[in-house]
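What follows is model.cif (mmCIF, C-alpha atoms and all ligand atoms).
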data_structure
#
loop_
_atom_site.group_PDB
_atom_site.id
_atom_site.type_symbol
_atom_site.label_atom_id
_atom_site.label_comp_id
_atom_site.auth_asym_id
_atom_site.auth_seq_id
_atom_site.Cartn_x
_atom_site.Cartn_y
_atom_site.Cartn_z
ATOM 1 C CA MET A 1 -24.414 -169.565 -106.030
ATOM 2 C CA TYR A 2 -21.641 -171.632 -104.464
ATOM 3 C CA GLY A 3 -21.569 -174.270 -107.192
ATOM 4 C CA ASP A 4 -18.563 -175.495 -109.085
ATOM 5 C CA ARG A 5 -18.543 -172.847 -111.830
ATOM 6 C CA PRO A 6 -20.813 -170.194 -110.387
ATOM 7 C CA GLY A 7 -19.767 -167.031 -112.202
ATOM 8 C CA ALA A 8 -22.250 -164.493 -113.480
ATOM 9 C CA GLN A 9 -23.074 -165.041 -117.162
ATOM 10 C CA GLY A 10 -25.762 -163.949 -119.572
ATOM 11 C CA PHE A 11 -27.017 -161.152 -117.349
ATOM 12 C CA THR A 12 -29.026 -158.456 -119.110
ATOM 13 C CA THR A 13 -28.748 -155.573 -116.648
ATOM 14 C CA VAL A 14 -25.745 -153.755 -115.213
ATOM 15 C CA LEU A 15 -26.424 -151.560 -112.190
ATOM 16 C CA ILE A 16 -23.658 -148.984 -111.867
ATOM 17 C CA ASP A 17 -23.209 -147.488 -108.408
ATOM 18 C CA PRO A 18 -21.201 -144.249 -108.225
ATOM 19 C CA GLY A 19 -19.762 -144.074 -104.713
ATOM 20 C CA HIS A 20 -20.663 -141.345 -102.198
ATOM 21 C CA GLY A 21 -22.673 -138.246 -103.203
ATOM 22 C CA GLY A 22 -24.345 -135.236 -101.609
ATOM 23 C CA LYS A 23 -23.085 -134.606 -98.074
ATOM 24 C CA ASP A 24 -20.662 -137.534 -98.475
ATOM 25 C CA SER A 25 -17.852 -136.299 -100.737
ATOM 26 C CA GLY A 26 -15.617 -139.333 -100.299
ATOM 27 C CA ALA A 27 -11.905 -138.783 -100.754
ATOM 28 C CA ARG A 28 -10.878 -135.196 -101.427
ATOM 29 C CA GLY A 29 -7.647 -135.951 -103.259
ATOM 30 C CA ARG A 30 -5.672 -133.578 -105.401
ATOM 31 C CA ILE A 31 -8.045 -132.635 -108.192
ATOM 32 C CA ARG A 32 -9.330 -129.219 -107.227
ATOM 33 C CA GLY A 33 -13.115 -129.108 -107.214
ATOM 34 C CA MET A 34 -13.437 -132.814 -107.973
ATOM 35 C CA PRO A 35 -13.753 -134.904 -104.825
ATOM 36 C CA GLU A 36 -14.249 -138.658 -105.163
ATOM 37 C CA LYS A 37 -18.043 -138.366 -105.508
ATOM 38 C CA VAL A 38 -17.657 -136.218 -108.657
ATOM 39 C CA VAL A 39 -14.979 -138.339 -110.322
ATOM 40 C CA ALA A 40 -16.894 -141.540 -109.516
ATOM 41 C CA LEU A 41 -20.121 -140.183 -111.018
ATOM 42 C CA ASP A 42 -18.288 -139.090 -114.161
ATOM 43 C CA ILE A 43 -16.709 -142.517 -114.690
ATOM 44 C CA ALA A 44 -20.024 -144.212 -113.883
ATOM 45 C CA LYS A 45 -21.879 -142.172 -116.526
ATOM 46 C CA ARG A 46 -19.183 -142.945 -119.074
ATOM 47 C CA LEU A 47 -19.492 -146.626 -118.192
ATOM 48 C CA GLN A 48 -23.257 -146.438 -118.649
ATOM 49 C CA GLY A 49 -22.658 -144.934 -122.097
ATOM 50 C CA GLU A 50 -20.266 -147.730 -123.012
ATOM 51 C CA LEU A 51 -22.671 -150.454 -121.893
ATOM 52 C CA SER A 52 -26.045 -149.151 -122.978
ATOM 53 C CA SER A 53 -25.961 -150.655 -126.468
ATOM 54 C CA THR A 54 -25.528 -154.150 -124.979
ATOM 55 C CA PHE A 55 -27.243 -154.040 -121.579
ATOM 56 C CA HIS A 56 -29.895 -152.260 -119.640
ATOM 57 C CA ALA A 57 -27.415 -150.049 -117.810
ATOM 58 C CA SER A 58 -28.757 -148.021 -114.895
ATOM 59 C CA LEU A 59 -27.264 -145.883 -112.138
ATOM 60 C CA THR A 60 -28.003 -145.878 -108.393
ATOM 61 C CA ARG A 61 -27.564 -142.099 -108.584
ATOM 62 C CA SER A 62 -27.244 -139.831 -111.620
ATOM 63 C CA SER A 63 -26.737 -136.593 -109.699
ATOM 64 C CA ASP A 64 -24.962 -135.311 -106.598
ATOM 65 C CA VAL A 65 -27.267 -136.865 -104.001
ATOM 66 C CA PHE A 66 -26.614 -138.866 -100.870
ATOM 67 C CA ILE A 67 -27.896 -142.441 -100.937
ATOM 68 C CA PRO A 68 -27.358 -144.606 -97.841
ATOM 69 C CA LEU A 69 -25.524 -147.870 -98.449
ATOM 70 C CA ASP A 70 -28.502 -149.999 -97.445
ATOM 71 C CA GLU A 71 -30.638 -148.186 -99.993
ATOM 72 C CA ARG A 72 -28.057 -148.959 -102.673
ATOM 73 C CA VAL A 73 -28.286 -152.607 -101.647
ATOM 74 C CA ALA A 74 -32.086 -152.434 -101.904
ATOM 75 C CA ILE A 75 -31.822 -150.931 -105.405
ATOM 76 C CA ALA A 76 -29.509 -153.797 -106.381
ATOM 77 C CA ASN A 77 -32.008 -156.326 -105.064
ATOM 78 C CA ARG A 78 -34.695 -154.865 -107.318
ATOM 79 C CA ALA A 79 -32.446 -154.921 -110.397
ATOM 80 C CA GLY A 80 -33.409 -158.403 -111.551
ATOM 81 C CA ASP A 81 -31.055 -160.399 -113.784
ATOM 82 C CA ALA A 82 -28.188 -158.075 -113.035
ATOM 83 C CA ILE A 83 -24.752 -157.435 -111.677
ATOM 84 C CA VAL A 84 -23.795 -154.385 -109.623
ATOM 85 C CA VAL A 85 -20.555 -152.480 -110.188
ATOM 86 C CA SER A 86 -19.658 -149.857 -107.612
ATOM 87 C CA ILE A 87 -17.245 -147.129 -108.734
ATOM 88 C CA HIS A 88 -14.864 -145.455 -106.278
ATOM 89 C CA LEU A 89 -11.539 -143.639 -106.168
ATOM 90 C CA ASN A 90 -8.954 -144.517 -103.601
ATOM 91 C CA ASP A 91 -7.180 -142.563 -100.897
ATOM 92 C CA GLY A 92 -3.967 -143.475 -99.104
ATOM 93 C CA PRO A 93 -0.262 -142.777 -98.713
ATOM 94 C CA ARG A 94 1.050 -140.634 -101.576
ATOM 95 C CA ARG A 95 3.232 -143.370 -103.036
ATOM 96 C CA LEU A 96 0.339 -145.755 -103.669
ATOM 97 C CA ALA A 97 -1.145 -145.913 -107.171
ATOM 98 C CA GLY A 98 -3.217 -148.260 -109.285
ATOM 99 C CA ALA A 99 -6.639 -149.833 -109.455
ATOM 100 C CA GLU A 100 -8.067 -152.329 -106.982
ATOM 101 C CA THR A 101 -11.105 -154.538 -107.459
ATOM 102 C CA TYR A 102 -12.997 -155.790 -104.404
ATOM 103 C CA TRP A 103 -15.154 -158.892 -104.472
ATOM 104 C CA TRP A 104 -16.737 -161.233 -101.972
ATOM 105 C CA ARG A 105 -19.253 -163.638 -103.507
ATOM 106 C CA THR A 106 -17.834 -166.592 -105.414
ATOM 107 C CA ASP A 107 -20.074 -165.719 -108.369
ATOM 108 C CA SER A 108 -18.248 -162.389 -108.614
ATOM 109 C CA TYR A 109 -14.668 -163.652 -108.671
ATOM 110 C CA SER A 110 -14.302 -163.964 -112.457
ATOM 111 C CA LEU A 111 -15.902 -160.570 -112.976
ATOM 112 C CA ALA A 112 -13.410 -159.018 -110.555
ATOM 113 C CA LYS A 113 -10.536 -160.804 -112.248
ATOM 114 C CA ARG A 114 -11.602 -159.658 -115.715
ATOM 115 C CA VAL A 115 -12.093 -156.044 -114.599
ATOM 116 C CA GLN A 116 -8.749 -155.906 -112.803
ATOM 117 C CA ALA A 117 -6.939 -157.428 -115.810
ATOM 118 C CA SER A 118 -8.604 -154.980 -118.158
ATOM 119 C CA LEU A 119 -7.717 -151.999 -115.953
ATOM 120 C CA ARG A 120 -4.062 -153.042 -115.888
ATOM 121 C CA GLY A 121 -3.894 -151.920 -119.504
ATOM 122 C CA VAL A 122 -4.975 -148.397 -118.568
ATOM 123 C CA VAL A 123 -4.146 -147.697 -114.916
ATOM 124 C CA ALA A 124 -0.405 -147.802 -114.183
ATOM 125 C CA GLY A 125 0.510 -149.445 -110.893
ATOM 126 C CA SER A 126 -2.419 -151.865 -110.972
ATOM 127 C CA ASN A 127 -0.060 -154.840 -111.157
ATOM 128 C CA ASN A 128 1.048 -153.960 -107.657
ATOM 129 C CA ARG A 129 -2.463 -153.520 -106.309
ATOM 130 C CA GLY A 130 -4.976 -156.008 -107.588
ATOM 131 C CA MET A 131 -7.915 -158.003 -106.358
ATOM 132 C CA VAL A 132 -9.066 -157.960 -102.778
ATOM 133 C CA ARG A 133 -11.647 -160.306 -101.295
ATOM 134 C CA ARG A 134 -13.443 -158.304 -98.654
ATOM 135 C CA ARG A 135 -16.866 -158.135 -97.076
ATOM 136 C CA LEU A 136 -17.925 -154.641 -98.012
ATOM 137 C CA ARG A 137 -21.557 -153.637 -97.822
ATOM 138 C CA LEU A 138 -21.817 -153.555 -101.607
ATOM 139 C CA THR A 139 -19.932 -156.814 -102.250
ATOM 140 C CA ARG A 140 -21.600 -158.828 -99.502
ATOM 141 C CA ASN A 141 -25.185 -157.707 -99.042
ATOM 142 C CA PRO A 142 -26.805 -157.540 -102.490
ATOM 143 C CA GLU A 143 -28.468 -160.729 -103.701
ATOM 144 C CA ILE A 144 -26.797 -160.343 -107.096
ATOM 145 C CA PRO A 145 -23.137 -160.649 -108.140
ATOM 146 C CA GLY A 146 -21.183 -157.488 -107.570
ATOM 147 C CA ILE A 147 -17.794 -155.855 -107.349
ATOM 148 C CA LEU A 148 -16.407 -152.545 -106.089
ATOM 149 C CA VAL A 149 -13.764 -150.927 -108.275
ATOM 150 C CA GLU A 150 -11.304 -148.408 -106.867
ATOM 151 C CA CYS A 151 -10.249 -146.828 -110.171
ATOM 152 C CA GLY A 152 -7.085 -145.171 -108.848
ATOM 153 C CA TYR A 153 -5.706 -143.001 -106.055
ATOM 154 C CA LEU A 154 -6.770 -139.372 -105.847
ATOM 155 C CA SER A 155 -4.045 -139.081 -103.184
ATOM 156 C CA ASN A 156 -1.295 -139.849 -105.728
ATOM 157 C CA ALA A 157 -0.131 -136.745 -107.612
ATOM 158 C CA ASN A 158 0.479 -138.511 -110.918
ATOM 159 C CA GLU A 159 -2.726 -140.500 -110.820
ATOM 160 C CA ALA A 160 -4.821 -137.487 -109.798
ATOM 161 C CA ASP A 161 -3.338 -135.635 -112.752
ATOM 162 C CA LEU A 162 -4.375 -138.429 -115.099
ATOM 163 C CA LEU A 163 -7.848 -138.662 -113.535
ATOM 164 C CA SER A 164 -8.402 -134.960 -114.201
ATOM 165 C CA SER A 165 -8.415 -135.816 -117.921
ATOM 166 C CA PRO A 166 -11.816 -136.711 -119.430
ATOM 167 C CA GLY A 167 -10.043 -138.911 -121.989
ATOM 168 C CA TYR A 168 -8.379 -140.938 -119.247
ATOM 169 C CA ARG A 169 -11.657 -141.362 -117.371
ATOM 170 C CA GLY A 170 -13.175 -142.525 -120.648
ATOM 171 C CA ARG A 171 -10.469 -145.151 -121.103
ATOM 172 C CA ILE A 172 -11.134 -146.452 -117.584
ATOM 173 C CA ALA A 173 -14.843 -146.767 -118.414
ATOM 174 C CA GLN A 174 -14.039 -148.557 -121.672
ATOM 175 C CA ALA A 175 -11.760 -151.028 -119.870
ATOM 176 C CA ILE A 176 -14.419 -151.864 -117.269
ATOM 177 C CA ALA A 177 -17.088 -152.180 -119.971
ATOM 178 C CA ARG A 178 -14.937 -154.557 -122.003
ATOM 179 C CA ALA A 179 -14.499 -156.829 -118.977
ATOM 180 C CA ILE A 180 -18.249 -156.792 -118.221
ATOM 181 C CA ARG A 181 -19.084 -157.774 -121.813
ATOM 182 C CA GLU A 182 -16.545 -160.616 -121.659
ATOM 183 C CA GLN A 183 -18.038 -161.817 -118.386
ATOM 184 C CA ALA A 184 -21.596 -161.771 -119.747
ATOM 185 C CA ALA A 185 -20.521 -163.736 -122.809
ATOM 186 C CA ASN A 186 -18.107 -166.226 -121.228
ATOM 187 C CA GLY A 187 -18.857 -166.511 -117.509
ATOM 188 C CA ASP A 188 -16.010 -168.286 -115.756
ATOM 189 C CA ALA A 189 -14.463 -169.729 -118.935
ATOM 190 C CA GLY A 190 -10.699 -169.263 -118.945
ATOM 191 C CA MET A 191 -10.618 -167.741 -115.479
ATOM 192 C CA GLY A 192 -9.105 -170.741 -113.717
ATOM 193 C CA PRO A 193 -10.252 -172.254 -110.415
ATOM 194 C CA LEU A 194 -11.685 -170.192 -107.626
ATOM 195 C CA PRO A 195 -9.116 -169.220 -105.013
ATOM 196 C CA LYS A 196 -9.167 -171.195 -101.798
ATOM 197 C CA PRO A 197 -11.194 -169.638 -99.003
ATOM 198 C CA ILE A 198 -9.201 -166.980 -97.247
ATOM 199 C CA TYR A 199 -9.637 -165.032 -94.064
ATOM 200 C CA ALA A 200 -11.010 -161.680 -95.139
ATOM 201 C CA PRO A 201 -11.684 -159.288 -92.289
ATOM 202 C CA PRO A 202 -14.310 -156.580 -92.701
ATOM 203 C CA SER A 203 -12.861 -153.335 -93.972
ATOM 204 C CA LYS A 204 -11.700 -150.831 -91.392
ATOM 205 C CA ALA A 205 -12.326 -148.007 -93.821
ATOM 206 C CA SER A 206 -14.798 -145.503 -92.531
ATOM 207 C CA ASP A 207 -16.233 -144.586 -95.922
ATOM 208 C CA ALA A 208 -18.691 -146.414 -98.107
ATOM 209 C CA ARG A 209 -16.522 -149.473 -98.286
ATOM 210 C CA SER A 210 -17.427 -150.889 -94.911
HETATM 211 ZN ZN ZN A 301 -15.101 -144.351 -101.903
#

I need this file expressed as structure tokens, please.
Ligand SMILES: [Zn+2]
Amino acid sequence: MYGDRPGAQGFTTVLIDPGHGGKDSGARGRIRGMPEKVVALDIAKRLQGELSSTFHASLTRSSDVFIPLDERVAIANRAGDAIVVSIHLNDGPRRLAGAETYWWRTDSYSLAKRVQASLRGVVAGSNNRGMVRRRLRLTRNPEIPGILVECGYLSNANEADLLSSPGYRGRIAQAIARAIREQAANGDAGMGPLPKPIYAPPSKASDARS
């Protein structure tokens, strides 16, 4: 997995992991009645719809249930020739907006880069955010390539407004799906060299990211 050009390619299964669920609502944000767990599940189901003609696309949860992080990792490890894509919404100071894509394994770098680039076309502010290499439970522990996508900030008034629109959530799903298809077809081709190793401390976040 740490070879010269290690990126995921030719995989047949995409495991989509909607963040949080059940007793764990995630970020509350500004969309009334739609905490992070609800928005994440909606985008995840749309992503499954986008991918299902090309891949075996499955979900770690398809309803509002709590699944511990280690169980999500175990599901990923049973997924076979697969990648795992965890879907979250961000929370932070009100001025922050845009998508962020977290990765850790070197075989997940190109996937993260493709997803972040694709989201830039949909999610305003993503040029200022970007890719983060961090040892999150879902980027570090599964035995398959994986990324965690923060699709936008529920704490930003403008972005929360956009995320309340089903059409906007659909465009986010389409953008992520496009990047996944490109990764499956092309692997690392055109993605440039891997970044040099960097110091990446474990997340201090108290939610599912750590
Ligand atoms: Zn989250």

Item to check | Selected residue of minimal separation from Val132 of chain A among A:Ala82, A:Ala99, A:Ala8, A:Ala160, counting all atoms listed in the file | outcome: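 Under the stated criterion, the closest residue is A:Ala99.
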
Checklist entry - How would you write, as a VMD selection string, the residues chosen by the PyMOL selection byres (((chain A and resi 133-150) around 6) and not hetatm) on this structure? => result chain A and resid 73 77 83 to 90 99 to 104 107 to 108 132 151 to 152 200 202 209 to 210

Next on the checklist: Could you list, as a list in words, every residue within 12 Å of segment 49-54 of chain A, counting only C-alpha atoms and ignoring same-chain residues fewer than 6 positions away?
Outcome noted: Gly10, Phe11, Thr12, Thr13, Val14, Leu15, Ile16, Asp42, Ile43, Gly170, Arg171, Ile172, Ala173, Gln174, Ala175, Ile176, Ala177, Arg178, Ala179, Ile180, Arg181, Glu182, Ala184 and Ala185 of chain A

File dump, residues just selected, C-alpha atoms, as a PDB file, keeping the file's coordinate frame:
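The resulting file, result-v3.pdb, is reproduced below:
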ATOM      1  CA  GLY A  10     -25.762-163.949-119.572  1.00  0.00           C
ATOM      2  CA  PHE A  11     -27.017-161.152-117.349  1.00  0.00           C
ATOM      3  CA  THR A  12     -29.026-158.456-119.110  1.00  0.00           C
ATOM      4  CA  THR A  13     -28.748-155.573-116.648  1.00  0.00           C
ATOM      5  CA  VAL A  14     -25.745-153.755-115.213  1.00  0.00           C
ATOM      6  CA  LEU A  15     -26.424-151.560-112.190  1.00  0.00           C
ATOM      7  CA  ILE A  16     -23.658-148.984-111.867  1.00  0.00           C
ATOM      8  CA  ASP A  42     -18.288-139.090-114.161  1.00  0.00           C
ATOM      9  CA  ILE A  43     -16.709-142.517-114.690  1.00  0.00           C
ATOM     10  CA  GLY A 170     -13.175-142.525-120.648  1.00  0.00           C
ATOM     11  CA  ARG A 171     -10.469-145.151-121.103  1.00  0.00           C
ATOM     12  CA  ILE A 172     -11.134-146.452-117.584  1.00  0.00           C
ATOM     13  CA  ALA A 173     -14.843-146.767-118.414  1.00  0.00           C
ATOM     14  CA  GLN A 174     -14.039-148.557-121.672  1.00  0.00           C
ATOM     15  CA  ALA A 175     -11.760-151.028-119.870  1.00  0.00           C
ATOM     16  CA  ILE A 176     -14.419-151.864-117.269  1.00  0.00           C
ATOM     17  CA  ALA A 177     -17.088-152.180-119.971  1.00  0.00           C
ATOM     18  CA  ARG A 178     -14.937-154.557-122.003  1.00  0.00           C
ATOM     19  CA  ALA A 179     -14.499-156.829-118.977  1.00  0.00           C
ATOM     20  CA  ILE A 180     -18.249-156.792-118.221  1.00  0.00           C
ATOM     21  CA  ARG A 181     -19.084-157.774-121.813  1.00  0.00           C
ATOM     22  CA  GLU A 182     -16.545-160.616-121.659  1.00  0.00           C
ATOM     23  CA  ALA A 184     -21.596-161.771-119.747  1.00  0.00           C
ATOM     24  CA  ALA A 185     -20.521-163.736-122.809  1.00  0.00           C
TER      25      ALA A 185
END

Checklist entry - Rounded to one decimal in Å, what is the spacing between atom CA of Ser58 of chain A and atom CA of Gly22 of chain A? => result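 So the answer is 19.0 Å.
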
Checklist entry - What's the 9 Å shell around Ser62 of chain A, counting all atoms listed in the file, without same-chain residues fewer than 4 positions away, as an MDAnalysis selection string? => result chainID A and resid 18 41 44:45 58

Next on the checklist: If we count all atoms listed in the file and set the cut-off at 12 Å, which residues sit around Leu163 of chain A, ignoring sequence neighbours fewer than 2 positions away in its own chain? Please answer as an MDAnalysis selection string.
Outcome noted: chainID A and resid 29:32 34:36 38:40 42:43 89:90 97:99 122:124 151:161 165:173

Checklist entry - Suppose you want the space between atom CA of Ser25 of chain A and atom CA of Lys37 of chain A; what is it in Å? => result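 Going from atom CA of Ser25 of chain A over to atom CA of Lys37 of chain A, I get 5.2 Å.
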
Around all the atoms of segment 97-110 of chain A listed in the file, draw an axis-aligned box and extend it by 5 Å on each of the six sides; I want its centre and edge lengths in Å to one decimal, as lines of an AutoDock Vina configuration file.
center_x = -10.6
center_y = -156.3
center_z = -107.2
size_x = 28.9
size_y = 30.7
size_z = 20.5

Checklist entry - In Å, how far is it from atom CA of Gln48 of chain A to atom CA of Gly92 of chain A? => result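 Between atom CA of Gln48 of chain A and atom CA of Gly92 of chain A the gap is 27.6 Å.
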
Checklist entry - Taking (-10.9, -165.2, -111.3) in the file's coordinates as the center, which residues reach within 8 Å of it, counting only C-alpha atoms, put as a PyMOL selection string? => result chain A and resi 109-114+188+191-195

Checklist entry - Near Arg72 of chain A, within 8 Å and counting only C-alpha atoms, which residues show up once chain neighbours fewer than 5 positions away are dropped, as number ranges by chain? => result A: 17, 60, 67, 138

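Nearest residue to ligand ZN 301 (chain A), choosing from A:His56, A:Arg46, A:Arg28, A:His20 and counting only C-alpha atoms and all ligand atoms: A:His20.
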
Item to check | A:Gln116, A:Asp91, A:Thr106, A:Ser63 ranked by distance to ligand ZN 301 (chain A), top pick (using all atoms listed in the file) | outcome: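 Result for the nearest residue to ligand ZN 301 (chain A): A:Asp91.
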
Next on the checklist: For a quick check of understanding, using only C-alpha atoms, which of A:Gly21, A:Gly125, A:Pro6, A:Gly26 has the smallest distance to Val65 of chain A?
Outcome noted: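 Using only C-alpha atoms, the shortest distance to Val65 of chain A belongs to A:Gly21.
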
Item to check | Which residue of A:Leu69, A:Gln9, A:Leu119, A:Phe55 approaches ligand ZN 301 (chain A) most closely, using only C-alpha atoms and all ligand atoms | outcome: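 Smallest separation from ligand ZN 301 (chain A) among the options: A:Leu69.
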